[in-house]
Amino acid sequence: MDIDTTVKLNIYETIAQTTQTPTTKDVAKALGIPLSDVESVFERLHKKRLLVPEPGDPSHIRMAPPFSGVETPFRVKVQEKLYYANCAWDALGIPAALHKDALIEAMDGFSGEPMTLEIKDGQPVSHPCVIHFAVPAAKWWEDIIFT
Amino acid sequence: MLLFRSEETVKQWCIANEIPVRPMINLDQLWYLAQTWYGNRLSVDSRRPGPDEMSGIFAQIGLAGPFWDPKSDLW
């Protein structure tokens, strides 16, 4: 397995197990490889759109989609663990990635009124809601944090 | 992309942010996107879908046109 794949898997497995995004130092220590190598891999994974570094601090992960490295309005409860998602799509992406059911606490984008979604037995439980895409697909990654 | 209780609150959000109302999808469509995008994200061979794959995924749930075209320069 090449180093990019090894680092990618370590990042995602760490998040799945701990709910926390690892830093470049965490990954280097866990895998026993030089920090500079991990930093290079983080850059390549960013180019592949598999992670987004924290603005101004490339040693930290802001997003490893569907997971968020910071708290967001999209709280995803899977068994006893609490994850944060980057957006509505990613909120469902977490149970999809983990292949587990989930309870998602979010809010109406306009009113802030609490909303709860549920993935049960591998399917979404019917709930009145719509998801609005403000940015066209060709421009999603021009400002992925806004998207 | 944001979650809303109804199309009405989408419209209110768009007015408040001075942007036009753009496409909306339902929960079943979103679950399809979530599974196709992230279902193998913890696997060795996981990767983000390429532009042509994205268009195919969108077409499966009826999302077509320039807005959903990752290669479009019409926006």
# chains A, B, ... in the order shown; residues from 1 in each chain; ligands from 1
call {"tool": "interface_residues", "arguments": {"of": "chain A", "to": "chain B", "cutoff": "7 Å", "atoms": "only C-alpha atoms", "output": "list in words"}}
result
Thr5, Leu9, Tyr12, Glu13, Arg49, Leu50, Cys87, Ala88, Trp89, Asp90, Leu92, Gly93, Ala96, Ala97, Asp108, Gly109, Phe110, Pro124, Pro128, Cys129, Val130, Ile131, His132, Phe133, Ala134, Pro136, Ala137, Ala138 and Thr147 of chain A
call {"tool": "write_last_selection", "arguments": {"atoms": "C-alpha atoms", "output": "PDB file, in the first residue's frame"}}
result
ATOM      1  CA  THR A   5      -3.323   5.408   0.959  1.00  0.00           C
ATOM      2  CA  LEU A   9      -6.774   5.303   5.920  1.00  0.00           C
ATOM      3  CA  TYR A  12     -10.351   8.175   8.376  1.00  0.00           C
ATOM      4  CA  GLU A  13      -9.935   5.266  10.786  1.00  0.00           C
ATOM      5  CA  ARG A  49     -10.280  16.687  -2.496  1.00  0.00           C
ATOM      6  CA  LEU A  50     -10.138  14.096   0.263  1.00  0.00           C
ATOM      7  CA  CYS A  87     -23.213  20.164   5.581  1.00  0.00           C
ATOM      8  CA  ALA A  88     -26.532  18.384   5.071  1.00  0.00           C
ATOM      9  CA  TRP A  89     -25.033  16.041   2.465  1.00  0.00           C
ATOM     10  CA  ASP A  90     -22.164  15.116   4.748  1.00  0.00           C
ATOM     11  CA  LEU A  92     -25.970  11.685   5.846  1.00  0.00           C
ATOM     12  CA  GLY A  93     -22.524  10.850   4.507  1.00  0.00           C
ATOM     13  CA  ALA A  96     -23.131   6.080   4.827  1.00  0.00           C
ATOM     14  CA  ALA A  97     -19.355   5.956   5.389  1.00  0.00           C
ATOM     15  CA  ASP A 108     -33.484  24.899   9.613  1.00  0.00           C
ATOM     16  CA  GLY A 109     -31.041  27.005   7.601  1.00  0.00           C
ATOM     17  CA  PHE A 110     -33.273  30.083   7.832  1.00  0.00           C
ATOM     18  CA  PRO A 124     -33.703   7.574   5.983  1.00  0.00           C
ATOM     19  CA  PRO A 128     -40.495  16.887   5.967  1.00  0.00           C
ATOM     20  CA  CYS A 129     -37.423  18.731   4.700  1.00  0.00           C
ATOM     21  CA  VAL A 130     -35.666  19.997   1.603  1.00  0.00           C
ATOM     22  CA  ILE A 131     -31.991  20.487   0.847  1.00  0.00           C
ATOM     23  CA  HIS A 132     -31.069  23.620  -1.081  1.00  0.00           C
ATOM     24  CA  PHE A 133     -27.936  23.915  -3.203  1.00  0.00           C
ATOM     25  CA  ALA A 134     -26.871  27.555  -3.392  1.00  0.00           C
ATOM     26  CA  PRO A 136     -23.513  25.018  -8.751  1.00  0.00           C
ATOM     27  CA  ALA A 137     -21.491  21.792  -8.923  1.00  0.00           C
ATOM     28  CA  ALA A 138     -18.704  23.348 -10.996  1.00  0.00           C
ATOM     29  CA  THR A 147     -20.413  25.372   0.020  1.00  0.00           C
TER      30      THR A 147
END
call {"tool": "select_by_dssp", "arguments": {"residues": "chain A", "states": "alpha helix (DSSP H)", "output": "number ranges by chain"}}
result
A: 3-18, 24-31, 35-47, 88-98
call {"tool": "select_by_dssp", "arguments": {"residues": "stretch 25-133 of chain A", "states": "strand (DSSP E or B)", "output": "ChimeraX atom specification"}}
result
/A:52-54,57-64,67-68,74-78,81-85,102-107,114-120,123-124,130-132
call {"tool": "atom_distance", "arguments": {"atom1": "atom CA of A:Pro55", "atom2": "atom CA of B:Glu18"}}
result
26.7 Å
call {"tool": "atom_distance", "arguments": {"atom1": "atom CA of A:Val7", "atom2": "atom CA of A:Val76"}}
result
24.3 Å
call {"tool": "residues_around", "arguments": {"residues": "A:Ala30", "least_positions_apart": "6", "cutoff": "12 Å", "atoms": "only C-alpha atoms", "output": "list in words"}}
result
Thr6, Val7, Leu9, Asn10, Ile11, Glu13, Thr14, Pro22, Thr23, Thr24 and Val38 of chain A
call {"tool": "write_last_selection", "arguments": {"atoms": "C-alpha atoms", "output": "JSON list (two decimals), in the first residue's frame"}}
result
[["chain", "number", "residue", "atom", "x", "y", "z"],
["A", 6, "THR", "CA", -1.77, 4.53, 4.31],
["A", 7, "VAL", "CA", -2.12, 8.10, 5.57],
["A", 9, "LEU", "CA", -6.77, 5.30, 5.92],
["A", 10, "ASN", "CA", -5.14, 6.37, 9.18],
["A", 11, "ILE", "CA", -6.96, 9.70, 9.04],
["A", 13, "GLU", "CA", -9.93, 5.27, 10.79],
["A", 14, "THR", "CA", -8.82, 7.67, 13.51],
["A", 22, "PRO", "CA", -5.70, 13.81, 13.65],
["A", 23, "THR", "CA", -2.94, 16.36, 13.06],
["A", 24, "THR", "CA", 0.06, 15.74, 10.85],
["A", 38, "VAL", "CA", 2.94, 13.26, 6.18]]
call {"tool": "atom_distance", "arguments": {"atom1": "atom CA of A:Asp121", "atom2": "atom CA of A:Leu51"}}
result
28.8 Å
call {"tool": "residues_around", "arguments": {"residues": "A:Arg62", "least_positions_apart": "4", "cutoff": "9 Å", "atoms": "only C-alpha atoms", "output": "PyMOL selection string"}}
result
chain A and resi 21+51-55+67-70+145
call {"tool": "write_last_selection", "arguments": {"atoms": "C-alpha atoms", "output": "PDB file, in the first residue's frame"}}
result
ATOM      1  CA  THR A  21      -9.409  14.602  13.187  1.00  0.00           C
ATOM      2  CA  LEU A  51      -9.285  16.617   2.970  1.00  0.00           C
ATOM      3  CA  VAL A  52      -9.297  20.350   3.556  1.00  0.00           C
ATOM      4  CA  PRO A  53      -6.615  21.789   5.842  1.00  0.00           C
ATOM      5  CA  GLU A  54      -7.493  24.356   8.462  1.00  0.00           C
ATOM      6  CA  PRO A  55      -7.032  27.795   6.835  1.00  0.00           C
ATOM      7  CA  PHE A  67     -16.352  14.519   8.706  1.00  0.00           C
ATOM      8  CA  SER A  68     -15.680  17.991  10.068  1.00  0.00           C
ATOM      9  CA  GLY A  69     -12.651  18.835  12.174  1.00  0.00           C
ATOM     10  CA  VAL A  70     -14.591  21.555  13.973  1.00  0.00           C
ATOM     11  CA  ILE A 145     -16.099  25.760   3.443  1.00  0.00           C
TER      12      ILE A 145
END
call {"tool": "closest_residue", "arguments": {"among": "A:Ser59, A:Leu45, A:Ile104, A:Asp4", "to": "A:Lys25", "atoms": "only C-alpha atoms"}}
result
A:Ser59
